[in-house]
$ cat coords19.txt   # compact mmCIF, C-alpha atoms
# COMPACT_ATOMS: atom_id res chain seq x y z
CA MET N 1245 -11.68 3.85 6.90
CA PHE N 1246 -13.68 6.96 7.77
CA GLU N 1247 -17.03 7.25 9.49
CA ILE N 1248 -19.10 10.29 10.37
CA ALA N 1249 -22.33 10.30 12.40
CA TYR N 1250 -24.24 12.18 15.07
CA GLY N 1251 -23.52 11.31 18.70
CA SER N 1252 -26.05 11.10 21.51
CA ASP N 1253 -25.71 14.81 22.36
CA GLY N 1254 -25.97 16.03 18.79
CA GLU N 1255 -22.24 16.31 18.32
CA VAL N 1256 -20.68 15.02 15.11
CA LEU N 1257 -18.39 12.05 15.65
CA CYS N 1258 -15.57 11.67 13.13
CA VAL N 1259 -13.72 8.36 13.13
CA GLY N 1260 -10.68 7.13 11.22
CA ARG N 1261 -8.80 8.78 8.39
CA LEU N 1262 -10.23 11.73 6.48
CA ASP N 1263 -8.21 11.59 3.27
CA ALA N 1264 -9.07 12.69 -0.26
CA ALA N 1265 -10.87 9.41 -0.99
CA GLN N 1266 -13.31 10.03 1.88
CA CYS N 1267 -14.23 13.62 1.08
CA GLU N 1268 -17.45 12.86 -0.74
CA LYS N 1269 -18.84 11.08 2.32
CA ALA N 1270 -17.73 13.86 4.65
CA GLN N 1271 -18.99 16.63 2.38
CA SER N 1272 -22.43 15.02 2.01
CA PHE N 1273 -22.79 14.89 5.79
CA MET N 1274 -21.50 18.42 6.35
CA ASP N 1275 -23.86 19.83 3.74
CA GLU N 1276 -26.79 18.83 5.99
CA ILE N 1277 -25.50 20.80 8.99
CA GLY N 1278 -27.33 24.10 9.35
CA ASP N 1279 -26.56 25.32 12.84
CA THR N 1280 -23.67 25.65 15.27
CA ARG N 1281 -22.29 22.17 15.81
CA THR N 1282 -19.45 20.50 17.69
CA LEU N 1283 -17.22 18.05 15.82
CA ASP N 1284 -15.67 15.43 18.10
CA PHE N 1285 -12.29 14.38 16.70
CA SER N 1286 -11.36 12.06 19.58
CA ALA N 1287 -11.34 9.09 17.17
CA LEU N 1288 -10.12 10.92 14.10
CA GLU N 1289 -6.55 9.79 13.45
CA TYR N 1290 -5.68 11.74 10.34
CA ILE N 1291 -6.72 14.58 8.08
CA SER N 1292 -5.21 15.93 4.87
CA SER N 1293 -5.71 19.19 3.00
CA ALA N 1294 -8.72 17.65 1.27
CA GLY N 1295 -10.44 17.30 4.64
CA LEU N 1296 -9.43 20.81 5.62
CA GLY N 1297 -11.15 22.06 2.49
CA ILE N 1298 -14.44 20.50 3.60
CA LEU N 1299 -14.18 22.06 7.05
CA LEU N 1300 -13.41 25.47 5.56
CA LYS N 1301 -16.25 25.31 3.05
CA THR N 1302 -18.70 24.35 5.79
CA GLN N 1303 -17.44 27.02 8.18
CA LYS N 1304 -17.85 29.72 5.52
CA ARG N 1305 -21.40 28.58 4.72
CA LEU N 1306 -22.41 28.50 8.38
CA ALA N 1307 -20.81 31.88 9.10
CA ALA N 1308 -23.23 33.48 6.66
CA SER N 1309 -26.05 32.65 9.11
CA GLY N 1310 -24.09 33.36 12.28
CA ALA N 1311 -23.40 29.71 13.04
CA ALA N 1312 -20.06 27.90 13.30
CA LEU N 1313 -18.30 24.58 13.67
CA LYS N 1314 -16.45 23.91 16.90
CA ILE N 1315 -13.88 21.13 17.01
CA VAL N 1316 -12.92 19.24 20.17
CA ASN N 1317 -10.56 16.42 21.18
CA VAL N 1318 -8.10 17.11 18.39
CA ASN N 1319 -4.94 14.99 18.46
CA LYS N 1320 -1.50 16.64 18.38
CA HIS N 1321 -0.77 15.85 14.73
CA ILE N 1322 -4.09 17.18 13.48
CA TYR N 1323 -3.72 20.23 15.69
CA ASP N 1324 -0.31 20.87 14.09
CA VAL N 1325 -1.95 20.74 10.66
CA PHE N 1326 -4.58 23.26 11.82
CA ARG N 1327 -1.83 25.49 13.18
CA TYR N 1328 0.26 25.36 9.99
CA SER N 1329 -2.88 26.19 8.01
CA GLY N 1330 -3.96 29.04 10.25
CA PHE N 1331 -7.19 27.16 10.97
CA ASN N 1332 -6.67 27.65 14.70
CA ALA N 1333 -7.63 31.28 14.10
CA ILE N 1334 -10.85 30.60 12.18
CA PHE N 1335 -12.16 27.62 14.17
CA ASP N 1336 -12.79 27.19 17.89
CA ILE N 1337 -10.49 24.21 18.47
CA LYS N 1338 -9.77 22.26 21.64
CA GLU N 1339 -6.86 19.82 21.78
CA LYS N 1340 -7.26 16.32 23.18
CA GLN N 1341 -6.20 16.20 26.85
CA MET Q 1325 10.80 -0.97 -1.27
CA HIS Q 1326 8.90 -0.10 -4.43
CA LYS Q 1327 5.27 -0.38 -5.44
CA ASP Q 1328 3.17 1.04 -8.27
CA PHE Q 1329 -0.26 2.51 -7.58
CA ALA Q 1330 -3.16 3.21 -9.90
CA ARG Q 1331 -3.63 6.92 -10.55
CA ASP Q 1332 -6.80 7.23 -8.50
CA TYR Q 1333 -7.85 8.53 -5.09
CA ASP Q 1334 -9.07 5.02 -4.35
CA SER Q 1335 -5.39 4.00 -4.15
CA LEU Q 1336 -4.93 6.03 -0.97
CA THR Q 1337 -5.77 3.22 1.43
CA ALA Q 1338 -3.32 0.84 -0.24
CA LEU Q 1339 -0.73 3.62 -0.32
CA TYR Q 1340 -1.18 4.22 3.41
CA GLN Q 1341 -0.91 0.50 4.18
CA PHE Q 1342 2.23 0.16 2.04
CA ALA Q 1343 4.04 3.03 3.78
CA GLU Q 1344 2.75 2.14 7.25
CA GLY Q 1345 4.01 -1.41 6.88
CA ILE Q 1346 7.52 -0.18 6.10
CA LEU Q 1347 7.54 2.39 8.91
CA ALA Q 1348 6.34 -0.17 11.44
CA ALA Q 1349 8.79 -2.84 10.28
CA ASN Q 1350 11.65 -0.40 10.77
CA ASP Q 1351 10.51 0.78 14.23
CA ILE Q 1352 10.11 4.36 13.06
CA GLY Q 1353 8.73 6.53 15.87
CA GLU Q 1354 5.03 7.27 15.88
CA ALA Q 1355 5.66 11.01 15.58
CA ILE Q 1356 7.05 10.51 12.08
CA HIS Q 1357 4.20 8.42 10.72
CA PHE Q 1358 1.63 11.23 10.41
CA PRO Q 1359 3.84 13.69 8.48
CA VAL Q 1360 5.09 10.94 6.16
CA HIS Q 1361 1.53 9.85 5.35
CA LEU Q 1362 0.41 13.46 4.91
CA ALA Q 1363 3.30 14.34 2.59
CA LEU Q 1364 2.73 11.15 0.62
CA GLU Q 1365 -0.99 11.83 0.18
CA GLU Q 1366 -0.53 15.47 -0.79
CA LEU Q 1367 2.02 14.56 -3.48
CA PHE Q 1368 0.04 11.58 -4.76
CA THR Q 1369 -3.25 13.47 -5.01
CA ASN Q 1370 -1.45 16.39 -6.64
CA MET Q 1371 -0.16 14.02 -9.33
CA VAL Q 1372 -3.64 12.57 -9.84
CA LYS Q 1373 -5.25 16.01 -10.01
CA TYR Q 1374 -2.83 17.81 -12.29
CA SER Q 1375 -2.03 15.11 -14.82
CA PRO Q 1376 -5.52 14.08 -15.96
CA ASP Q 1377 -4.39 13.20 -19.49
CA THR Q 1378 -2.23 10.25 -18.52
CA ASP Q 1379 -3.38 7.01 -16.93
CA GLY Q 1380 -0.02 5.48 -16.04
CA ASP Q 1381 0.64 4.24 -12.53
CA ILE Q 1382 2.50 6.32 -9.96
CA GLY Q 1383 5.61 4.61 -8.59
CA VAL Q 1384 6.39 4.95 -4.89
CA ASP Q 1385 9.66 4.02 -3.19
CA VAL Q 1386 10.05 4.15 0.59
CA VAL Q 1387 13.51 3.77 2.11
CA VAL Q 1388 14.43 3.91 5.80
CA GLU Q 1389 18.04 4.61 6.63
CA GLY Q 1390 19.53 5.84 9.88
CA GLY Q 1391 16.12 6.72 11.22
CA ALA Q 1392 15.31 8.93 8.24
CA VAL Q 1393 12.47 8.10 5.87
CA THR Q 1394 12.98 8.92 2.20
CA VAL Q 1395 10.05 8.67 -0.18
CA THR Q 1396 10.23 8.96 -3.97
CA LEU Q 1397 7.21 9.32 -6.26
CA THR Q 1398 7.66 8.98 -10.01
CA GLU Q 1399 5.33 9.34 -12.96
CA GLU Q 1400 5.84 9.18 -16.73
CA ASP Q 1401 4.38 11.13 -19.65
CA VAL Q 1402 3.31 14.19 -17.63
CA ASP Q 1403 3.76 17.95 -17.85
CA GLU Q 1404 6.15 19.74 -15.53
CA PHE Q 1405 4.81 20.68 -12.10
CA ASP Q 1406 7.45 21.88 -9.66
CA VAL Q 1407 6.17 21.05 -6.19
CA THR Q 1408 9.12 22.84 -4.56
CA ARG Q 1409 7.98 26.24 -5.84
CA PRO Q 1410 6.87 28.38 -2.88
CA ARG Q 1411 3.10 28.49 -2.53
CA ASP Q 1412 1.39 31.82 -1.98
CA VAL Q 1413 -0.96 30.93 0.86
CA ASP Q 1414 -2.08 33.55 3.36
CA THR Q 1415 -2.62 31.43 6.46
CA GLY Q 1416 -3.42 34.56 8.45
CA ALA Q 1417 -6.35 35.60 6.29
CA PRO Q 1418 -9.75 35.89 7.98
CA LEU Q 1419 -12.45 33.33 7.24
CA ALA Q 1420 -14.22 35.53 4.69
CA GLU Q 1421 -11.07 35.73 2.58
CA ARG Q 1422 -10.10 32.05 2.78
CA THR Q 1423 -10.87 29.75 -0.13
CA PRO Q 1424 -10.67 25.95 -0.16
CA GLY Q 1425 -7.68 24.55 -2.03
CA GLY Q 1426 -4.03 25.38 -2.30
CA LEU Q 1427 -3.07 24.17 1.14
CA GLY Q 1428 -1.74 20.74 0.22
CA LEU Q 1429 1.66 21.68 -1.16
CA TYR Q 1430 2.02 24.47 1.39
CA LEU Q 1431 1.58 21.90 4.17
CA LEU Q 1432 3.94 19.50 2.42
CA GLN Q 1433 6.68 22.10 2.25
CA ASN Q 1434 6.29 22.83 5.96
CA ILE Q 1435 6.33 19.29 7.32
CA VAL Q 1436 9.18 17.60 5.43
CA ASP Q 1437 12.89 18.09 6.07
CA SER Q 1438 13.89 18.09 2.42
CA LEU Q 1439 12.02 18.19 -0.87
CA GLU Q 1440 13.46 17.79 -4.36
CA TYR Q 1441 11.87 17.80 -7.80
CA ASP Q 1442 13.33 16.55 -11.07
CA TYR Q 1443 11.76 16.71 -14.54
CA HIS Q 1444 13.16 15.49 -17.80
CA ASP Q 1445 11.83 13.59 -20.84
CA ARG Q 1446 8.29 14.08 -19.49
CA ARG Q 1447 9.21 12.13 -16.37
CA SER Q 1448 8.57 13.69 -12.95
CA SER Q 1449 10.32 12.59 -9.80
CA VAL Q 1450 9.71 13.98 -6.33
CA VAL Q 1451 11.82 13.01 -3.33
CA PHE Q 1452 11.10 14.01 0.25
CA THR Q 1453 12.83 13.11 3.48
CA LYS Q 1454 11.53 13.14 7.02
CA GLU Q 1455 14.06 12.78 9.82
CA SER Q 1456 13.22 11.17 13.12
CA GLY Q 1457 13.87 13.12 16.27

$ encode --input "coords19.txt" --output "structure tokens"
Amino acid sequence: MFEIAYGSDGEVLCVGRLDAAQCEKAQSFMDEIGDTRTLDFSALEYISSAGLGILLKTQKRLAASGAALKIVNVNKHIYDVFRYSGFNAIFDIKEKQ
Amino acid sequence: MHKDFARDYDSLTALYQFAEGILAANDIGEAIHFPVHLALEELFTNMVKYSPDTDGDIGVDVVVEGGAVTVTLTEEDVDEFDVTRPRDVDTGAPLAERTPGGLGLYLLQNIVDSLEYDYHDRRSSVVFTKESG
């Protein structure tokens, strides 16, 4: 199960498991983002390389216009994946407290 | 425990549920679940992606012994694809030089404790182990 939607403050809420089978849904949503936006991962349990690809593609598109994705409330396992991938250097990421 | 899965990304939920059930039944620590699921998905999707000319199922075996989780994926009638070969991924590259793709097997190789590949008679077998603790 994976859900993605805007929260009450304009942040993007990601919920569940972002695996390769969910990428089409995630990509469609991300393609509509045109400005700097915060992704709230507090309810995202899992991400694979397929999900990382969507984040990277979106970040590169936004960077062209000076915007960026910021990611907050990242769980330890997902943060480890970001760290292994070097994504902690190309995204503004905050771990879940 | 063994189960065959259709060669399709839509099998990922059933694959997750299959592995999660075994991990939970064997009281495997929560810290091991994520890397096992990630390694399993990266290998499964790699098999789906790089063997488009075959439609046979992918067999998955999950064994828990002494706190270690060993997973074997097998497929028949496929070309050779050595997943243990080092991947050339520059994880320090700046955003402008990064391209989507190529991270899956790199991640796999960094999160498992052992990884073996065997290929003969057009049959591929991949075995990975993740130790607890």

$ interface_residues --input "coords19.txt" --of "chain N" --to "chain Q" --cutoff "7 Å" --atoms "only C-alpha atoms" --output "NGL selection string"
:N and (1264-1265 or 1292-1293 or 1297 or 1300-1301 or 1304 or 1321 or 1328-1330 or 1334)

$ closest_residue --input "coords19.txt" --among "N:Leu1299, N:Leu1283, N:Ala1249, N:Leu1257" --to "N:Gln1271" --atoms "only C-alpha atoms"
N:Leu1299

$ atom_distance --input "coords19.txt" --atom1 "atom CA of N:Ala1308" --atom2 "atom CA of N:Ile1337"
19.7 Å

$ closest_residue --input "coords19.txt" --among "N:Val1318, N:Leu1296, N:Leu1306, N:Ile1277" --to "N:Val1259" --atoms "only C-alpha atoms"
N:Val1318

$ atom_distance --input "coords19.txt" --atom1 "atom CA of Q:Leu1339" --atom2 "atom CA of N:Lys1340"
27.5 Å

$ residues_near_point --input "coords19.txt" --point "(7.2, 4.7, -3.9)" --cutoff "6 Å" --atoms "all atoms listed in the file" --output "list in words"
His1326, Lys1327, Gly1383, Val1384, Asp1385, Val1386, Thr1396 and Leu1397 of chain Q

$ residues_around --input "coords19.txt" --residues "N:Lys1320" --least-positions-apart "3" --cutoff "8 Å" --atoms "all atoms listed in the file" --output "list in words"
Tyr1323, Asp1324, Glu1339 and Lys1340 of chain N

$ atom_distance --input "coords19.txt" --atom1 "atom CA of Q:Asp1412" --atom2 "atom CA of N:Phe1335"
21.5 Å

$ closest_residue --input "coords19.txt" --among "Q:Leu1439, Q:Ile1382, Q:Leu1364, Q:Val1407" --to "N:Asp1263" --atoms "all atoms listed in the file"
Q:Leu1364

$ closest_residue --input "coords19.txt" --among "N:Phe1285, N:Phe1273, N:Phe1326, N:Tyr1290" --to "N:Thr1302" --atoms "all atoms listed in the file"
N:Phe1273

$ closest_residue --input "coords19.txt" --among "N:Cys1267, N:Ile1322, N:Ala1307, N:Ala1312" --to "N:Ser1286" --atoms "all atoms listed in the file"
N:Ile1322

$ closest_residue --input "coords19.txt" --among "Q:Asp1406, Q:Glu1354, Q:Glu1455, Q:Asp1442" --to "Q:Asn1370" --atoms "all atoms listed in the file"
Q:Asp1406

$ decode --input "coords19.txt" --residues "stretch 1367-1432 of chain Q" --atoms "C-alpha atoms" --output "JSON list (two decimals), in the first residue's frame"
[["chain", "number", "residue", "atom", "x", "y", "z"],
["Q", 1367, "LEU", "CA", 16.86, -8.78, -6.98],
["Q", 1368, "PHE", "CA", 13.30, -9.60, -8.00],
["Q", 1369, "THR", "CA", 12.81, -6.41, -10.02],
["Q", 1370, "ASN", "CA", 16.23, -6.88, -11.59],
["Q", 1371, "MET", "CA", 15.14, -10.33, -12.80],
["Q", 1372, "VAL", "CA", 11.88, -8.91, -14.16],
["Q", 1373, "LYS", "CA", 13.64, -6.03, -15.90],
["Q", 1374, "TYR", "CA", 16.55, -7.84, -17.50],
["Q", 1375, "SER", "CA", 14.89, -11.05, -18.65],
["Q", 1376, "PRO", "CA", 11.96, -9.71, -20.69],
["Q", 1377, "ASP", "CA", 11.96, -12.64, -23.11],
["Q", 1378, "THR", "CA", 10.92, -15.26, -20.59],
["Q", 1379, "ASP", "CA", 7.64, -15.44, -18.71],
["Q", 1380, "GLY", "CA", 8.46, -18.18, -16.21],
["Q", 1381, "ASP", "CA", 7.86, -17.64, -12.52],
["Q", 1382, "ILE", "CA", 10.63, -16.61, -10.14],
["Q", 1383, "GLY", "CA", 11.15, -19.03, -7.27],
["Q", 1384, "VAL", "CA", 11.88, -17.64, -3.81],
["Q", 1385, "ASP", "CA", 13.11, -19.61, -0.81],
["Q", 1386, "VAL", "CA", 13.44, -18.02, 2.62],
["Q", 1387, "VAL", "CA", 15.22, -19.92, 5.39],
["Q", 1388, "VAL", "CA", 15.88, -18.73, 8.94],
["Q", 1389, "GLU", "CA", 18.62, -20.49, 10.85],
["Q", 1390, "GLY", "CA", 20.49, -19.33, 13.92],
["Q", 1391, "GLY", "CA", 19.12, -15.83, 13.56],
["Q", 1392, "ALA", "CA", 20.40, -15.50, 9.99],
["Q", 1393, "VAL", "CA", 18.03, -15.09, 7.07],
["Q", 1394, "THR", "CA", 19.01, -16.76, 3.79],
["Q", 1395, "VAL", "CA", 17.04, -15.97, 0.66],
["Q", 1396, "THR", "CA", 17.40, -17.75, -2.69],
["Q", 1397, "LEU", "CA", 15.86, -16.53, -5.96],
["Q", 1398, "THR", "CA", 15.87, -18.81, -8.98],
["Q", 1399, "GLU", "CA", 14.76, -18.39, -12.57],
["Q", 1400, "GLU", "CA", 14.95, -20.62, -15.65],
["Q", 1401, "ASP", "CA", 15.64, -19.95, -19.33],
["Q", 1402, "VAL", "CA", 17.41, -16.61, -18.83],
["Q", 1403, "ASP", "CA", 20.68, -15.01, -19.93],
["Q", 1404, "GLU", "CA", 23.54, -14.63, -17.48],
["Q", 1405, "PHE", "CA", 23.46, -11.55, -15.25],
["Q", 1406, "ASP", "CA", 26.01, -11.60, -12.44],
["Q", 1407, "VAL", "CA", 24.55, -9.50, -9.63],
["Q", 1408, "THR", "CA", 27.76, -9.83, -7.59],
["Q", 1409, "ARG", "CA", 29.78, -7.83, -10.12],
["Q", 1410, "PRO", "CA", 30.80, -4.50, -8.55],
["Q", 1411, "ARG", "CA", 28.60, -1.63, -9.70],
["Q", 1412, "ASP", "CA", 30.21, 1.60, -10.82],
["Q", 1413, "VAL", "CA", 28.07, 4.12, -8.97],
["Q", 1414, "ASP", "CA", 29.46, 7.49, -7.93],
["Q", 1415, "THR", "CA", 27.43, 8.21, -4.81],
["Q", 1416, "GLY", "CA", 29.44, 11.39, -4.26],
["Q", 1417, "ALA", "CA", 28.49, 12.96, -7.57],
["Q", 1418, "PRO", "CA", 26.65, 16.29, -7.46],
["Q", 1419, "LEU", "CA", 22.99, 16.46, -8.41],
["Q", 1420, "ALA", "CA", 23.68, 17.67, -11.95],
["Q", 1421, "GLU", "CA", 25.75, 14.57, -12.67],
["Q", 1422, "ARG", "CA", 23.42, 12.02, -11.07],
["Q", 1423, "THR", "CA", 21.13, 9.94, -13.26],
["Q", 1424, "PRO", "CA", 18.22, 7.75, -12.14],
["Q", 1425, "GLY", "CA", 18.93, 4.03, -12.24],
["Q", 1426, "GLY", "CA", 21.81, 1.79, -11.33],
["Q", 1427, "LEU", "CA", 21.41, 2.11, -7.59],
["Q", 1428, "GLY", "CA", 19.49, -1.09, -6.92],
["Q", 1429, "LEU", "CA", 22.31, -3.62, -7.10],
["Q", 1430, "TYR", "CA", 24.73, -1.17, -5.52],
["Q", 1431, "LEU", "CA", 22.41, -0.91, -2.51],
["Q", 1432, "LEU", "CA", 21.93, -4.68, -2.46]]
